[in-house]
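J.: This is the structure, below, for whatever I ask next.
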Amino acid sequence: MGLLSHTGLRRAWRGLAVAALLAPLLATAGQVRWYKPAYVTAGKTLYERNCATCHQPDAVGTEQWRQRDANGLLPPPPLNGTAHAWHHPLSVLYRQIMEGSAPGVGTMPPFKGTLSQGEALAIIAYIQSFWSDEVYDAWRQIDESAKKGVMGQ
Ligand code: HEC
């Protein structure tokens, strides 16, 4: 009896300790984003002006986004966290906007003459505002690894 309650206590204690360790992680997961709400507001206007004709309002893109056309080119994919864009670190998203499609991949024009660095980042913030916390967290880990890779070189 004495032993049982001792074990019970130990178990409860262990549970508490684990909860205490996890609580800060759970509290911050997905909630700390790199951008301010004002970026999203600015990015929405810029997105609608520069990107929505191809990537659609609310960044929903093309449903069959993996399907190449008769010329072997990819259509504008969703950017709202349901397709592939979240696999790219911030630096790659930024480069895609500034440089446009690589030859033979798609018809996206380069925006480096049109958008400033801040405007491109605001558009990325707007796109990311559609991403769920789970998708955002997965992206953040990819982005962190990419930064470490660059720093290690
Ligand atoms: C003329 C049509 C067109 C316009 C305008 C356009 N895009 Fe694209 N975009 C595409 C196409 C087509 C692709 C797919 C081929 C590729 O990856 O280059 C693409 C791909 C992308 C990707 C890579 C997505 C992935 O899953 O890898 C990002 C990010 C992106 N566009 C962002 C933008 C943003 C932001 C704007 C506005 C500043 C914009 N695009 C404007 C056609 C366009």
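Note on naming: chains are A, B, ... as they come in the structure tokens, residues start from 1 per chain, ligands start from 1 in the order shown.
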Residues of chain A within 8 Å of ligand 1: nearest atom pair and distance (Å, one decimal) for each, counting only C-alpha atoms and all ligand atoms, sorted by chain and number, as a tab-separated table?
T.:
```
residue	atom	partner	partner_atom_place_in_ligand_line	distance
A:Leu46	CA	ligand 1	38 (C)	7.3
A:Tyr47	CA	ligand 1	37 (C)	5.7
A:Arg49	CA	ligand 1	37 (C)	8.0
A:Asn50	CA	ligand 1	37 (C)	4.6
A:Cys51	CA	ligand 1	37 (C)	3.4
A:Ala52	CA	ligand 1	5 (C)	6.9
A:Thr53	CA	ligand 1	5 (C)	6.0
A:Cys54	CA	ligand 1	2 (C)	4.4
A:His55	CA	ligand 1	7 (N)	6.1
A:Leu73	CA	ligand 1	15 (C)	7.1
A:Leu74	CA	ligand 1	15 (C)	5.0
A:Pro75	CA	ligand 1	12 (C)	4.2
A:Pro76	CA	ligand 1	11 (C)	3.6
A:Pro77	CA	ligand 1	14 (C)	5.9
A:Pro78	CA	ligand 1	26 (O)	7.1
A:Leu79	CA	ligand 1	24 (C)	6.4
A:Ala83	CA	ligand 1	26 (O)	6.2
A:His84	CA	ligand 1	26 (O)	4.0
A:Ala85	CA	ligand 1	26 (O)	3.5
A:Trp86	CA	ligand 1	26 (O)	7.2
A:His87	CA	ligand 1	26 (O)	7.6
A:His88	CA	ligand 1	27 (O)	6.9
A:Val92	CA	ligand 1	29 (C)	8.0
A:Leu93	CA	ligand 1	29 (C)	4.8
A:Tyr94	CA	ligand 1	29 (C)	7.4
A:Gln96	CA	ligand 1	28 (C)	5.7
A:Ile97	CA	ligand 1	34 (C)	5.4
A:Gly100	CA	ligand 1	18 (O)	6.1
A:Ser101	CA	ligand 1	18 (O)	3.3
A:Ala102	CA	ligand 1	18 (O)	5.7
A:Val105	CA	ligand 1	15 (C)	5.2
A:Gly106	CA	ligand 1	15 (C)	4.0
A:Thr107	CA	ligand 1	12 (C)	4.8
A:Met108	CA	ligand 1	42 (C)	3.8
A:Pro109	CA	ligand 1	1 (C)	6.1
A:Phe111	CA	ligand 1	38 (C)	6.4
A:Leu115	CA	ligand 1	38 (C)	7.7
A:Ala120	CA	ligand 1	38 (C)	6.8
A:Ile123	CA	ligand 1	35 (C)	5.9
A:Ile124	CA	ligand 1	35 (C)	6.4
A:Ile127	CA	ligand 1	35 (C)	7.6
```
J.: With DSSP run on the backbone, what are the alpha helix (DSSP H) residues within segment 34-140 of chain A? I'd like them as a ChimeraX atom specification.
T.: /A:37-50,52-55,90-99,117-128,133-140
